Amino acid sequence: MPSRISDAFKAHPLHLNHKHLDLNSVQELPDSYAWTGVDENPSGDSLITESVPVIDLTDPHASELVGHACKSWGVFQVTNHGIPGSLLDDIESAGRSLFSLPAQQKLKAARSPDGVAGYGLARISSFFNKLMWYEGFTIFGSPLEHARQLWPQDYTKFCDVTEEFEKEMNQLAERLMWLMLGSLGITKEDVNWAGSKGDFKAALQLNSYPACPEPDRAMGLAAHTDSSLFTILYQNTVSGLQVQREGAGWITVPPLPGALVINVGDLLHILSNGVFPSVVHRALVNRTKHRLSVAYLCGPPASVPISPVPKLVDSSHPPLYRPVTWSEYLCTKAKHFDKALSLVRLCMPRNGFIDVNDHNGVKVG
Ligand SMILES: C=C1C[C@]23C[C@@]1(O)CC[C@H]2[C@@]12CCC[C@@](C)(C(=O)O1)[C@H]2[C@@H]3C(=O)O
Ligand SMILES: O=C(O)CCC(=O)C(=O)O
Ligand SMILES: [Fe+2]
């Protein structure tokens, strides 16, 4: 099993043809991008008007609110999070300058088949027979080499902005982690790898969804859960993110000025022994507006096995998952996508109901 995140995909290289990507000039939706059922809401009740919780992080009850949102939704938005608006503007501009480069230039930084970082289609593309209206760029570690390939004369601005963004996101991630775990009564002593600053690993994902001539038949990013502990997402002013809610179907997460979306990933679901569901989400596209989002996928150090916190385990709550490192989980996900969680599962829930996070047999794509 891989011991480094950068080796996670070595056993399962992905030969995606990143050349599909010049979507800006396309006037009509090609059949290879035409999905069926995008606007259907199978389990949706049109009378339900629930919305994803919005939490002010300066609220004295922030930890309880965060805990409740994680348990009942697996996703929430935060305001007053301390990330300067100017930095959000800067990272958006950095993304725009990258995605507006000519296709040939972007392809110089294409992600290699067994690599984590670089430009290209979403990793999950291979599980679908239609293409997504999407291009992405993943930063893992230093972006320097790729930035040099993209802007041989002028790469420092991009590196400076992404580095500053990651630094600020890391601090916010630390804060959020303890609000989430604190709500379950978990302390730093219970999670020994997360005791001091800078203990997270993270992937920074820039997502671009060009304006699309037929948005109702196109898919930006297909339904998935993140493999991270949790993800902090900045979305520009263009709506598109949707989360799946039992009994309500797809619910749009509206862009709120300056807010960030936090979603529970599979590893936090495991760590919380199933108490926090990792939310299924997807991104749709817009007819006239270019949508951009930036995801900070926050995980543990590569070699740390993640398993249900002992405090959450007893005879009536047996451990639901075996220990798994982030790199091992990424490798399993690369091979089995939505079956990955059930492959690390130890036992079925006592009530006999299907786990909300066991997507076996349930259409997430
Ligand atoms: C660390 C990672 C998680 C991720 C795969 C990756 O290697 C870097 C990109 C991440 C991302 C972002 C878009 C959705 C997603 C499912 C994908 O295809 O690439 C996630 C992956 C994940 O969380 O499993
Ligand atoms: O663009 C979005 O809103 C969603 C992006 C996402 O799900 C991801 O990067 O994992
Ligand atoms: Fe995601």
# chains A, B, ... in the order shown; residues from 1 in each chain; ligands from 1

call {"tool": "residues_near_ligand", "arguments": {"ligand": "ligand 2", "cutoff": "8 Å", "atoms": "only C-alpha atoms and all ligand atoms", "output": "ChimeraX atom specification"}}
result
/A:205-209,220-221,224-226,231,233-235,240-242,281-283,291-297

call {"tool": "residues_near_ligand", "arguments": {"ligand": "ligand 1", "cutoff": "6 Å", "atoms": "only C-alpha atoms and all ligand atoms", "output": "ChimeraX atom specification"}}
result
/A:116,122-124,138,203,205,224,226-228

call {"tool": "atom_distance", "arguments": {"atom1": "CA of Leu229 (chain A)", "atom2": "CA of Lys71 (chain A)"}}
result
14.3 Å

call {"tool": "atom_distance", "arguments": {"atom1": "CA of Lys130 (chain A)", "atom2": "CA of Val38 (chain A)"}}
result
12.1 Å

call {"tool": "select_by_dssp", "arguments": {"residues": "region 169-340 of chain A", "states": "helix (DSSP H, G or I)", "output": "PyMOL selection string"}}
result
chain A and resi 169-182+188-190+192-194+215-217+266-271+310-312+326-340

call {"tool": "atom_distance", "arguments": {"atom1": "CA of Phe276 (chain A)", "atom2": "CA of Pro257 (chain A)"}}
result
26.6 Å
